[in-house]
$ cat coords-v3.txt   # compact mmCIF, C-alpha atoms
# COMPACT_ATOMS: atom_id res chain seq x y z
CA MET W 1432 -34.30 -19.86 27.86
CA THR W 1433 -31.70 -21.81 25.94
CA GLN W 1434 -28.43 -20.12 25.13
CA GLN W 1435 -28.18 -18.88 21.55
CA THR W 1436 -25.22 -20.29 19.64
CA ILE W 1437 -23.24 -19.43 16.51
CA ALA W 1438 -21.19 -21.73 14.25
CA LEU W 1439 -17.49 -21.11 13.76
CA GLU W 1440 -15.88 -22.71 10.71
CA VAL W 1441 -12.27 -22.89 11.76
CA PHE W 1442 -9.30 -23.55 9.50
CA ARG W 1443 -7.40 -26.62 10.71
CA TYR W 1444 -4.00 -27.74 9.56
CA ARG W 1445 -2.04 -30.40 11.45
CA PRO W 1446 1.05 -31.08 9.35
CA GLU W 1447 1.86 -34.35 11.15
CA GLU W 1448 -1.61 -35.75 10.33
CA GLU W 1449 -2.71 -34.21 7.06
CA HIS W 1450 -1.25 -32.72 3.90
CA GLU W 1451 -4.15 -30.43 3.14
CA PRO W 1452 -5.91 -28.02 5.47
CA THR W 1453 -9.54 -28.68 6.38
CA PHE W 1454 -12.34 -26.73 8.06
CA GLN W 1455 -13.89 -27.83 11.32
CA THR W 1456 -17.20 -26.44 12.56
CA TYR W 1457 -17.78 -25.68 16.24
CA GLU W 1458 -20.98 -24.41 17.85
CA VAL W 1459 -20.19 -21.82 20.51
CA PRO W 1460 -22.41 -19.73 22.77
CA LEU W 1461 -23.29 -16.37 21.25
CA LYS W 1462 -22.64 -14.02 24.15
CA LYS W 1463 -23.11 -10.29 23.79
CA GLU W 1464 -19.78 -9.41 25.38
CA TRP W 1465 -17.73 -12.04 23.52
CA VAL W 1466 -15.25 -11.27 20.80
CA VAL W 1467 -14.13 -13.94 18.32
CA LEU W 1468 -11.01 -14.56 20.41
CA ASP W 1469 -13.23 -15.44 23.40
CA ALA W 1470 -15.04 -17.95 21.22
CA LEU W 1471 -11.73 -19.49 20.11
CA ASN W 1472 -10.62 -19.73 23.74
CA TYR W 1473 -13.95 -21.36 24.57
CA ILE W 1474 -13.30 -23.99 21.88
CA LYS W 1475 -9.76 -24.54 23.17
CA ASP W 1476 -10.90 -24.85 26.83
CA GLU W 1477 -14.23 -26.66 26.46
CA ILE W 1478 -14.47 -28.45 23.11
CA ASP W 1479 -11.17 -29.17 21.41
CA GLY W 1480 -7.85 -28.56 23.13
CA THR W 1481 -5.89 -29.30 19.96
CA LEU W 1482 -6.90 -26.03 18.27
CA THR W 1483 -3.82 -23.81 17.99
CA PHE W 1484 -3.76 -20.00 17.69
CA ARG W 1485 -1.75 -17.02 18.94
CA TRP W 1486 -3.05 -14.45 21.37
CA SER W 1487 -1.82 -12.49 24.34
CA CYS W 1488 -3.23 -9.18 25.57
CA ARG W 1489 -6.91 -9.37 24.53
CA MET W 1490 -6.99 -5.56 24.22
CA GLY W 1491 -5.61 -4.60 20.80
CA VAL W 1492 -2.10 -3.84 21.98
CA CYS W 1493 0.04 -6.92 21.39
CA GLY W 1494 -0.90 -7.57 17.77
CA SER W 1495 -0.81 -11.38 18.16
CA CYS W 1496 -4.37 -12.44 17.40
CA GLY W 1497 -4.79 -11.25 13.82
CA MET W 1498 -6.74 -13.71 11.65
CA MET W 1499 -9.00 -13.69 8.62
CA ILE W 1500 -12.64 -13.49 9.66
CA ASN W 1501 -14.96 -14.09 6.71
CA GLY W 1502 -12.05 -13.19 4.44
CA THR W 1503 -11.07 -9.92 6.11
CA PRO W 1504 -7.92 -9.53 8.23
CA VAL W 1505 -8.88 -8.34 11.75
CA LEU W 1506 -7.70 -8.59 15.34
CA THR W 1507 -9.94 -11.27 16.80
CA CYS W 1508 -9.86 -9.51 20.18
CA ALA W 1509 -11.58 -6.52 18.59
CA ALA W 1510 -14.19 -8.40 16.55
CA PHE W 1511 -17.47 -8.87 18.40
CA LEU W 1512 -19.10 -12.20 17.70
CA GLU W 1513 -22.52 -10.58 17.61
CA THR W 1514 -21.69 -8.60 14.48
CA TYR W 1515 -21.31 -11.86 12.53
CA GLN W 1516 -24.87 -13.10 13.20
CA PRO W 1517 -26.38 -15.40 12.09
CA GLY W 1518 -23.11 -17.03 11.07
CA PRO W 1519 -21.39 -19.26 10.30
CA VAL W 1520 -18.19 -17.32 10.90
CA ARG W 1521 -15.23 -18.48 8.83
CA ILE W 1522 -11.91 -18.15 10.64
CA GLU W 1523 -8.63 -18.60 8.78
CA PRO W 1524 -4.98 -17.77 9.40
CA LEU W 1525 -3.72 -14.44 8.03
CA ALA W 1526 -3.52 -14.56 4.24
CA ASN W 1527 -0.21 -14.19 2.36
CA PHE W 1528 1.76 -16.02 5.07
CA PRO W 1529 2.83 -19.66 5.31
CA VAL W 1530 0.78 -21.59 7.90
CA VAL W 1531 2.64 -23.42 10.66
CA ARG W 1532 -0.37 -25.03 12.28
CA ASP W 1533 -4.10 -24.25 12.42
CA LEU W 1534 -4.36 -20.46 12.79
CA VAL W 1535 -0.67 -19.85 13.46
CA ILE W 1536 1.34 -18.26 10.65
CA LEU W 1537 5.08 -18.11 10.12
CA MET W 1538 6.26 -14.54 10.65
CA SER W 1539 10.03 -14.89 10.17
CA ASP W 1540 9.86 -13.30 6.71
CA PHE W 1541 8.11 -10.25 8.17
CA MET W 1542 10.62 -10.02 11.03
CA GLU W 1543 13.50 -10.06 8.55
CA LYS W 1544 11.90 -7.30 6.46
CA LEU W 1545 11.22 -5.23 9.56
CA GLY W 1546 14.87 -5.39 10.62
CA ARG W 1547 16.03 -4.44 7.13
CA VAL W 1548 14.54 -0.91 7.37
CA LYS W 1549 16.46 -0.20 10.61
CA PRO W 1550 13.46 0.76 12.74
CA TRP W 1551 15.41 2.54 15.47
CA ILE W 1552 16.86 6.01 15.95
CA ILE W 1553 20.15 6.37 14.12
CA THR W 1554 22.46 9.24 15.07
CA GLU W 1555 25.85 9.97 13.57
CA LYS W 1556 27.29 10.84 16.95
CA GLU W 1557 25.58 10.04 20.23
CA LYS W 1558 25.16 13.01 22.54
CA PRO W 1559 26.83 12.55 25.94
CA VAL W 1560 24.30 11.97 28.72
CA ALA W 1561 25.62 15.06 30.55
CA GLU W 1562 24.29 17.24 27.70
CA GLY W 1563 20.76 16.24 28.58
CA GLU W 1564 17.83 14.84 26.66
CA TYR W 1565 16.89 15.30 23.02
CA LEU W 1566 14.08 17.82 23.14
CA GLN W 1567 11.19 17.64 20.71
CA THR W 1568 8.28 20.02 20.15
CA PRO W 1569 4.68 18.76 19.94
CA THR W 1570 4.74 19.58 16.21
CA GLN W 1571 7.84 17.46 15.71
CA LEU W 1572 6.16 14.64 17.61
CA ALA W 1573 3.00 14.94 15.52
CA ASP W 1574 5.06 14.38 12.36
CA PHE W 1575 5.73 10.75 13.18
CA LYS W 1576 3.41 9.80 16.05
CA GLN W 1577 0.76 8.18 13.87
CA TYR W 1578 3.32 5.74 12.44
CA SER W 1579 4.61 4.85 15.90
CA MET W 1580 1.20 3.33 16.74
CA CYS W 1581 1.98 0.22 14.64
CA ILE W 1582 1.79 -2.98 16.72
CA ASN W 1583 3.27 -5.30 14.05
CA CYS W 1584 0.04 -7.28 13.79
CA MET W 1585 0.67 -7.91 10.06
CA LEU W 1586 -2.97 -7.35 9.06
CA CYS W 1587 -1.71 -4.94 6.39
CA TYR W 1588 0.41 -7.68 4.78
CA SER W 1589 -2.65 -9.91 4.62
CA ALA W 1590 -4.81 -7.19 3.11
CA CYS W 1591 -2.23 -6.07 0.54
CA PRO W 1592 -2.78 -7.83 -2.81
CA VAL W 1593 0.75 -6.89 -3.90
CA SER W 1594 2.23 -8.66 -0.85
CA GLY W 1595 0.38 -11.77 -2.01
CA LEU W 1596 1.72 -11.52 -5.56
CA GLU W 1597 5.24 -10.29 -4.80
CA PRO W 1598 6.67 -12.13 -1.79
CA ASP W 1599 9.80 -9.95 -1.88
CA PHE W 1600 7.86 -6.69 -1.44
CA ILE W 1601 9.09 -5.21 1.83
CA GLY W 1602 5.49 -4.36 2.68
CA PRO W 1603 3.30 -1.73 4.33
CA ALA W 1604 4.19 -1.96 8.03
CA ALA W 1605 7.96 -2.02 7.46
CA ILE W 1606 7.74 1.09 5.26
CA ALA W 1607 5.45 2.89 7.72
CA LEU W 1608 7.93 2.12 10.50
CA ALA W 1609 10.82 3.36 8.38
CA GLN W 1610 8.86 6.61 7.98
CA ARG W 1611 8.26 6.69 11.73
CA TYR W 1612 12.03 7.06 12.21
CA ASN W 1613 12.72 9.13 9.08
CA LEU W 1614 10.27 11.78 10.26
CA ASP W 1615 11.63 11.83 13.83
CA SER W 1616 13.62 15.03 14.43
CA ARG W 1617 16.21 13.06 16.45
CA ASP W 1618 16.96 10.61 13.66
CA GLU W 1619 19.74 10.90 11.08
CA GLY W 1620 19.31 7.56 9.34
CA SER W 1621 17.02 8.45 6.44
CA ALA W 1622 19.80 8.11 3.84
CA GLN W 1623 20.55 4.57 5.04
CA ARG W 1624 16.87 3.64 4.88
CA MET W 1625 16.57 5.25 1.44
CA GLU W 1626 19.17 2.75 0.15
CA ILE W 1627 16.89 -0.11 1.21
CA LEU W 1628 13.50 1.33 0.37
CA SER W 1629 14.43 2.78 -3.03
CA GLN W 1630 15.20 -0.66 -4.41
CA ASP W 1631 12.69 -2.46 -6.61
CA ASP W 1632 11.57 -4.59 -3.66
CA GLY W 1633 11.09 -1.51 -1.50
CA ILE W 1634 8.37 1.04 -2.06
CA TRP W 1635 8.21 0.61 -5.83
CA GLN W 1636 6.15 -2.58 -5.77
CA CYS W 1637 3.28 -0.66 -4.16
CA THR W 1638 0.46 0.28 -6.53
CA LEU W 1639 -1.55 2.22 -3.93
CA VAL W 1640 -4.43 -0.20 -3.48
CA GLY W 1641 -4.84 1.29 0.00
CA GLU W 1642 -6.16 -1.83 1.77
CA CYS W 1643 -3.27 -1.66 4.27
CA SER W 1644 -4.61 1.59 5.68
CA ALA W 1645 -8.21 0.35 5.53
CA VAL W 1646 -7.56 -2.69 7.76
CA CYS W 1647 -5.07 -1.15 10.22
CA PRO W 1648 -6.57 -1.49 13.71
CA LYS W 1649 -4.40 1.34 15.06
CA GLY W 1650 -5.22 4.04 12.52
CA VAL W 1651 -1.75 4.01 10.97
CA ASP W 1652 -1.77 5.01 7.31
CA PRO W 1653 0.91 2.88 5.64
CA ALA W 1654 -0.43 3.72 2.17
CA GLY W 1655 0.09 7.42 2.91
CA ALA W 1656 3.58 6.69 4.27
CA ILE W 1657 4.50 4.85 1.08
CA GLN W 1658 3.22 7.62 -1.20
CA ARG W 1659 5.17 10.25 0.77
CA TYR W 1660 8.21 8.03 0.51
CA LYS W 1661 7.75 7.71 -3.25
CA VAL W 1662 7.93 11.49 -3.53
CA ALA W 1663 11.10 11.58 -1.39
CA SER W 1664 12.68 8.75 -3.35
CA THR W 1665 11.77 10.38 -6.67
CA ASN W 1666 13.35 13.68 -5.57
CA ASP W 1667 16.45 11.76 -4.53
CA TRP W 1668 16.60 9.94 -7.87
CA TRP W 1669 16.22 13.07 -10.03
CA ARG W 1670 18.75 14.92 -7.89
CA SER W 1671 21.26 12.10 -8.29
CA LYS W 1672 20.76 12.10 -12.07
CA LEU W 1673 20.66 15.85 -12.64
CA MET W 1674 23.27 16.83 -10.05
CA PRO W 1675 25.51 13.76 -9.72
CA TRP W 1676 28.22 15.89 -8.11
CA GLY W 1677 25.95 16.93 -5.19
CA LYS W 1678 25.45 14.70 -2.19
CA MET H 434 21.26 -3.94 -4.41
CA LYS H 435 20.80 -1.02 -6.74
CA LYS H 436 18.29 1.76 -6.35
CA SER H 437 15.33 1.37 -8.67
CA ASN H 438 14.87 3.48 -11.81
CA GLU H 439 11.14 3.43 -11.16
CA PRO H 440 11.18 7.13 -10.06
CA LEU H 441 11.63 8.15 -13.70
CA TRP H 442 8.35 6.54 -14.73
CA TRP H 443 6.59 7.35 -11.49
CA ALA H 444 7.37 11.05 -11.88
CA PHE H 445 5.74 11.04 -15.34
CA PHE H 446 2.87 8.97 -13.95
CA GLY H 447 2.30 11.46 -11.12
CA ALA H 448 2.61 14.52 -13.34
CA GLY H 449 0.32 12.99 -15.97
CA GLY H 450 -2.26 11.99 -13.35
CA ALA H 451 -2.37 15.45 -11.81
CA LEU H 452 -2.43 17.33 -15.12
CA SER H 453 -5.04 15.13 -16.79
CA ALA H 454 -7.27 15.12 -13.70
CA LEU H 455 -7.21 18.91 -13.65
CA CYS H 456 -7.42 19.72 -17.34
CA LEU H 457 -9.14 16.90 -19.22
CA PRO H 458 -12.56 17.25 -17.52
CA ALA H 459 -12.55 20.99 -18.27
CA LEU H 460 -11.52 20.44 -21.90
CA LEU H 461 -14.06 17.66 -22.36
CA PHE H 462 -16.78 19.78 -20.83
CA LEU H 463 -16.01 22.67 -23.16
CA LEU H 464 -15.34 20.76 -26.38
CA ALA H 465 -17.68 17.79 -26.01
CA LEU H 466 -20.64 19.30 -24.19
CA ALA H 467 -20.82 23.03 -23.74
CA MET H 468 -19.90 24.05 -27.30
CA PRO H 469 -21.80 21.38 -29.30
CA LEU H 470 -24.92 21.87 -27.16
CA GLY H 471 -24.72 25.62 -27.55
CA TRP H 472 -24.38 26.40 -23.83
CA ILE H 473 -21.56 28.73 -24.64
CA GLU H 474 -20.70 30.45 -27.86
CA THR H 475 -18.49 28.39 -30.14
CA PRO H 476 -15.45 30.39 -31.25
CA SER H 477 -14.95 30.85 -34.97
CA PHE H 478 -12.53 28.55 -36.76
CA GLU H 479 -10.06 31.43 -37.14
CA ALA H 480 -10.17 32.25 -33.43
CA ALA H 481 -9.75 28.59 -32.36
CA SER H 482 -7.02 28.03 -34.90
CA GLY H 483 -5.24 31.17 -33.76
CA LEU H 484 -5.38 29.96 -30.16
CA VAL H 485 -3.97 26.55 -31.01
CA HIS H 486 -1.20 28.12 -33.08
CA HIS H 487 0.11 30.05 -30.10
CA PRO H 488 3.38 28.42 -28.98
CA LEU H 489 2.24 28.28 -25.34
CA ALA H 490 -1.01 26.53 -26.32
CA ARG H 491 0.96 23.99 -28.35
CA LEU H 492 3.34 23.43 -25.48
CA PHE H 493 0.42 22.94 -23.11
CA LEU H 494 -1.30 20.48 -25.44
CA PHE H 495 1.94 18.57 -25.91
CA ALA H 496 2.48 18.34 -22.14
CA LEU H 497 -1.13 17.32 -21.55
CA ILE H 498 -1.14 14.62 -24.24
CA SER H 499 2.32 13.17 -23.60
CA LEU H 500 2.05 13.12 -19.79
CA SER H 501 -1.46 11.63 -19.97
CA LEU H 502 -0.10 8.89 -22.25
CA LEU H 503 2.81 8.21 -19.89
CA HIS H 504 0.35 8.09 -17.00
CA TRP H 505 -1.65 5.51 -18.92
CA GLY H 506 1.50 3.51 -19.74
CA HIS H 507 2.57 3.20 -16.11
CA ARG H 508 -0.90 2.38 -14.86
CA PHE H 509 -1.59 -0.14 -17.59
CA ARG H 510 1.77 -1.82 -16.96
CA PHE H 511 0.78 -2.58 -13.38
CA THR H 512 -2.75 -3.53 -14.42
CA LEU H 513 -1.20 -6.18 -16.66
CA TYR H 514 1.32 -7.25 -13.98
CA ASP H 515 -1.04 -7.54 -11.02
CA GLY H 516 -4.56 -7.46 -12.44
CA LEU H 517 -4.04 -9.98 -15.22
CA GLN H 518 -0.93 -11.46 -13.52
CA LEU H 519 1.22 -11.32 -16.64
CA LYS H 520 4.45 -10.32 -14.92
CA HIS H 521 6.33 -13.10 -16.71
CA LEU H 522 5.90 -11.01 -19.88
CA GLU H 523 7.60 -8.06 -18.18
CA SER H 524 9.88 -6.93 -21.04
CA LEU H 525 7.10 -7.12 -23.59
CA ILE H 526 4.73 -5.18 -21.34
CA VAL H 527 7.30 -2.47 -20.60
CA VAL H 528 8.02 -1.99 -24.31
CA PHE H 529 4.32 -1.96 -25.18
CA CYS H 530 3.23 0.44 -22.43
CA TYR H 531 6.04 2.98 -22.33
CA GLY H 532 6.89 2.48 -26.01
CA GLY H 533 3.25 3.13 -26.92
CA ALA H 534 3.18 6.25 -24.74
CA ILE H 535 6.44 7.54 -26.26
CA VAL H 536 5.33 6.86 -29.85
CA GLY H 537 2.01 8.58 -29.11
CA SER H 538 3.87 11.55 -27.62
CA ILE H 539 6.15 11.84 -30.63
CA PHE H 540 3.14 11.70 -32.94
CA ALA H 541 1.36 14.39 -30.89
CA GLY H 542 4.52 16.53 -30.99
CA PHE H 543 4.77 16.08 -34.74
CA VAL H 544 1.14 17.07 -35.34
CA LEU H 545 1.42 20.10 -33.05
CA TRP H 546 4.66 21.14 -34.70
CA GLN H 547 3.11 20.89 -38.20
CA LEU H 548 0.12 23.08 -37.33

$ encode --input "coords-v3.txt" --output "structure tokens"
Amino acid sequence: MTQQTIALEVFRYRPEEEHEPTFQTYEVPLKKEWVVLDALNYIKDEIDGTLTFRWSCRMGVCGSCGMMINGTPVLTCAAFLETYQPGPVRIEPLANFPVVRDLVILMSDFMEKLGRVKPWIITEKEKPVAEGEYLQTPTQLADFKQYSMCINCMLCYSACPVSGLEPDFIGPAAIALAQRYNLDSRDEGSAQRMEILSQDDGIWQCTLVGECSAVCPKGVDPAGAIQRYKVASTNDWWRSKLMPWGK
Amino acid sequence: MKKSNEPLWWAFFGAGGALSALCLPALLFLLALAMPLGWIETPSFEAASGLVHHPLARLFLFALISLSLLHWGHRFRFTLYDGLQLKHLESLIVVFCYGGAIVGSIFAGFVLWQL
């Protein structure tokens, strides 16, 4: 029996050779246990070694292999080839990001936004080690745990139409991660993050399309995080206007 | 960078969305379906007029109409920004959307006051 195959239409962009991106079609074996990332690695190893893409863990943990498959942002390590029968399968770099080469996007803008929300535990005064650990109840953990599952894969930025239209929008993952620390009982940095997120480029660009939460491979709900943050920011705003003397 | 003044409009948007989602379907059901089709007894003009003249009823109608209009204004502003991609006309859109909602609210207040 001959091996069944499926066509992959892969986005190619080699800035030293061409000004405009093109699509190149490769026929790859359609194996039951293969994900799209396996097919891309097959192309790289067996057909065309010049194809460039990012990947690392192959198990939905590292967040490196996000791409657009047939127009939807997904982790290619979690997308079984079989589900795209009969093909062809169109593979493009994540939308809303500049392309460096082939399927590799430039993520420096995202990294800058991520750093801006201070995604770490901020305490006014560090407790001496001799005083022991910071204890947390399961309920306190549950408050933020969901948001801590983010793997920075940037699928939410690709899915978000506002991110596409407003390049300055700080974006879903950065806001969800800010909430991850704001809701942590050990953290005291929410006022600092409020200064960043309450600006026009912060949460207020979001119009609750909800695609960020729909595409998240880790079940994080950035849309929910942003709406909760809007309520917090609105309370803060009204308080500052109605009681300007209070802090 | 300065904090955004968006919370002002968003608060009205949220309040208007919640209030209109709760009350408008009930009002529409009563006034547009149940009463004209005779499913429930239509109150006499005097009874209905008496109800609307009550200060609390007027206050409720004013809140319902003005917040619903402000909800529309905020939503339509972003529909024009993102949906039709007219953000370059920002000032015009802001004046049209919120201005329209405020003028409509003042008109509703005037009518309710004159009752």

$ atom_distance --input "coords-v3.txt" --atom1 "atom CA of W:Ile1657" --atom2 "atom CA of W:Ala1609"
9.8 Å

$ interface_residues --input "coords-v3.txt" --of "chain W" --to "chain H" --cutoff "8 Å" --atoms "only C-alpha atoms" --output "PDB file with C-alpha atoms, in the coordinates of the input"
ATOM      1  CA  VAL W1593       0.750  -6.890  -3.900  1.00  0.00           C
ATOM      2  CA  LEU W1596       1.720 -11.520  -5.560  1.00  0.00           C
ATOM      3  CA  GLU W1626      19.170   2.750   0.150  1.00  0.00           C
ATOM      4  CA  ILE W1627      16.890  -0.110   1.210  1.00  0.00           C
ATOM      5  CA  SER W1629      14.430   2.780  -3.030  1.00  0.00           C
ATOM      6  CA  GLN W1630      15.200  -0.660  -4.410  1.00  0.00           C
ATOM      7  CA  ASP W1631      12.690  -2.460  -6.610  1.00  0.00           C
ATOM      8  CA  TRP W1635       8.210   0.610  -5.830  1.00  0.00           C
ATOM      9  CA  THR W1638       0.460   0.280  -6.530  1.00  0.00           C
ATOM     10  CA  LYS W1661       7.750   7.710  -3.250  1.00  0.00           C
ATOM     11  CA  SER W1664      12.680   8.750  -3.350  1.00  0.00           C
ATOM     12  CA  THR W1665      11.770  10.380  -6.670  1.00  0.00           C
ATOM     13  CA  TRP W1668      16.600   9.940  -7.870  1.00  0.00           C
ATOM     14  CA  TRP W1669      16.220  13.070 -10.030  1.00  0.00           C
TER      15      TRP W1669
END

$ residues_around --input "coords-v3.txt" --residues "stretch 1516-1525 of chain W" --least-positions-apart "3" --cutoff "6 Å" --atoms "all atoms listed in the file" --output "list in words"
Ile1437, Ala1438, Leu1439, Glu1440, Val1441, Phe1442, Met1498, Met1499, Ile1500, Asn1501, Glu1513, Leu1534 and Ser1589 of chain W

$ atom_distance --input "coords-v3.txt" --atom1 "atom CA of W:Thr1483" --atom2 "atom CA of W:Glu1543"
24.0 Å

$ atom_distance --input "coords-v3.txt" --atom1 "atom CA of W:Pro1529" --atom2 "atom CA of W:Gly1595"
11.0 Å

$ residues_around --input "coords-v3.txt" --residues "stretch 479-494 of chain H" --least-positions-apart "4" --cutoff "10 Å" --atoms "all atoms listed in the file" --output "PDB file with C-alpha atoms, keeping the file's coordinate frame"
ATOM      1  CA  THR H 475     -18.490  28.390 -30.140  1.00  0.00           C
ATOM      2  CA  ILE H 498      -1.140  14.620 -24.240  1.00  0.00           C
ATOM      3  CA  SER H 499       2.320  13.170 -23.600  1.00  0.00           C
ATOM      4  CA  LEU H 500       2.050  13.120 -19.790  1.00  0.00           C
ATOM      5  CA  ALA H 541       1.360  14.390 -30.890  1.00  0.00           C
ATOM      6  CA  GLY H 542       4.520  16.530 -30.990  1.00  0.00           C
ATOM      7  CA  VAL H 544       1.140  17.070 -35.340  1.00  0.00           C
ATOM      8  CA  LEU H 545       1.420  20.100 -33.050  1.00  0.00           C
ATOM      9  CA  TRP H 546       4.660  21.140 -34.700  1.00  0.00           C
ATOM     10  CA  GLN H 547       3.110  20.890 -38.200  1.00  0.00           C
ATOM     11  CA  LEU H 548       0.120  23.080 -37.330  1.00  0.00           C
TER      12      LEU H 548
END

$ residues_around --input "coords-v3.txt" --residues "W:Pro1648" --least-positions-apart "4" --cutoff "8 Å" --atoms "all atoms listed in the file" --output "ChimeraX atom specification"
/W:1491,1505-1506

$ closest_residue --input "coords-v3.txt" --among "W:Gln1623, W:Thr1507, W:Gln1577, W:Thr1481" --to "W:Asp1469" --atoms "only C-alpha atoms"
W:Thr1507

$ closest_residue --input "coords-v3.txt" --among "W:Arg1624, W:Lys1649, W:Lys1462, W:Arg1532" --to "W:Pro1550" --atoms "all atoms listed in the file"
W:Arg1624

$ residues_near_point --input "coords-v3.txt" --point "(-27.6, -21.6, 26.6)" --cutoff "10 Å" --atoms "all atoms listed in the file" --output "list in words"
Met1432, Thr1433, Gln1434, Gln1435, Thr1436, Val1459, Pro1460, Leu1461 and Lys1462 of chain W

$ residues_around --input "coords-v3.txt" --residues "W:Ser1594" --least-positions-apart "3" --cutoff "10 Å" --atoms "all atoms listed in the file" --output "PyMOL selection string"
chain W and resi 1526-1528+1587-1591+1597-1603+1636-1637

$ residues_around --input "coords-v3.txt" --residues "H:Trp505" --least-positions-apart "4" --cutoff "10 Å" --atoms "all atoms listed in the file" --output "PDB file with C-alpha atoms, in the coordinates of the input"
ATOM      1  CA  PHE H 445       5.740  11.040 -15.340  1.00  0.00           C
ATOM      2  CA  PHE H 446       2.870   8.970 -13.950  1.00  0.00           C
ATOM      3  CA  GLY H 449       0.320  12.990 -15.970  1.00  0.00           C
ATOM      4  CA  GLY H 450      -2.260  11.990 -13.350  1.00  0.00           C
ATOM      5  CA  SER H 499       2.320  13.170 -23.600  1.00  0.00           C
ATOM      6  CA  LEU H 500       2.050  13.120 -19.790  1.00  0.00           C
ATOM      7  CA  SER H 501      -1.460  11.630 -19.970  1.00  0.00           C
ATOM      8  CA  PHE H 509      -1.590  -0.140 -17.590  1.00  0.00           C
ATOM      9  CA  ARG H 510       1.770  -1.820 -16.960  1.00  0.00           C
ATOM     10  CA  CYS H 530       3.230   0.440 -22.430  1.00  0.00           C
ATOM     11  CA  TYR H 531       6.040   2.980 -22.330  1.00  0.00           C
ATOM     12  CA  GLY H 533       3.250   3.130 -26.920  1.00  0.00           C
ATOM     13  CA  ALA H 534       3.180   6.250 -24.740  1.00  0.00           C
TER      14      ALA H 534
END

$ build_atoms --input "coords-v3.txt" --residues "stretch 1648-1664 of chain W" --atoms "N, CA and C atoms" --output "tab-separated table (two decimals), in the frame of the given file"
chain	number	residue	atom	x	y	z
W	1648	PRO	N	-5.74	-1.69	12.52
W	1648	PRO	CA	-6.57	-1.49	13.71
W	1648	PRO	C	-6.10	-0.31	14.57
W	1649	LYS	N	-4.94	0.27	14.24
W	1649	LYS	CA	-4.40	1.34	15.06
W	1649	LYS	C	-4.43	2.69	14.36
W	1650	GLY	N	-5.10	2.77	13.22
W	1650	GLY	CA	-5.22	4.04	12.52
W	1650	GLY	C	-3.92	4.53	11.88
W	1651	VAL	N	-2.96	3.62	11.70
W	1651	VAL	CA	-1.75	4.01	10.97
W	1651	VAL	C	-2.13	4.07	9.49
W	1652	ASP	N	-1.46	4.89	8.73
W	1652	ASP	CA	-1.77	5.01	7.31
W	1652	ASP	C	-0.54	4.60	6.50
W	1653	PRO	N	-0.28	3.28	6.39
W	1653	PRO	CA	0.91	2.88	5.64
W	1653	PRO	C	0.86	3.33	4.18
W	1654	ALA	N	-0.33	3.32	3.58
W	1654	ALA	CA	-0.43	3.72	2.17
W	1654	ALA	C	0.05	5.16	2.00
W	1655	GLY	N	-0.35	6.02	2.94
W	1655	GLY	CA	0.09	7.42	2.91
W	1655	GLY	C	1.60	7.51	3.09
W	1656	ALA	N	2.13	6.69	4.02
W	1656	ALA	CA	3.58	6.69	4.27
W	1656	ALA	C	4.33	6.32	3.00
W	1657	ILE	N	3.81	5.32	2.29
W	1657	ILE	CA	4.50	4.85	1.08
W	1657	ILE	C	4.45	5.92	0.00
W	1658	GLN	N	3.31	6.59	-0.15
W	1658	GLN	CA	3.22	7.62	-1.20
W	1658	GLN	C	4.16	8.79	-0.88
W	1659	ARG	N	4.24	9.17	0.39
W	1659	ARG	CA	5.17	10.25	0.77
W	1659	ARG	C	6.60	9.80	0.48
W	1660	TYR	N	6.86	8.54	0.73
W	1660	TYR	CA	8.21	8.03	0.51
W	1660	TYR	C	8.54	7.98	-0.97
W	1661	LYS	N	7.52	7.72	-1.79
W	1661	LYS	CA	7.75	7.71	-3.25
W	1661	LYS	C	8.19	9.09	-3.72
W	1662	VAL	N	7.55	10.12	-3.16
W	1662	VAL	CA	7.93	11.49	-3.53
W	1662	VAL	C	9.38	11.75	-3.11
W	1663	ALA	N	9.73	11.35	-1.88
W	1663	ALA	CA	11.10	11.58	-1.39
W	1663	ALA	C	12.10	10.82	-2.25
W	1664	SER	N	11.77	9.57	-2.57
W	1664	SER	CA	12.68	8.75	-3.35
W	1664	SER	C	12.82	9.28	-4.77
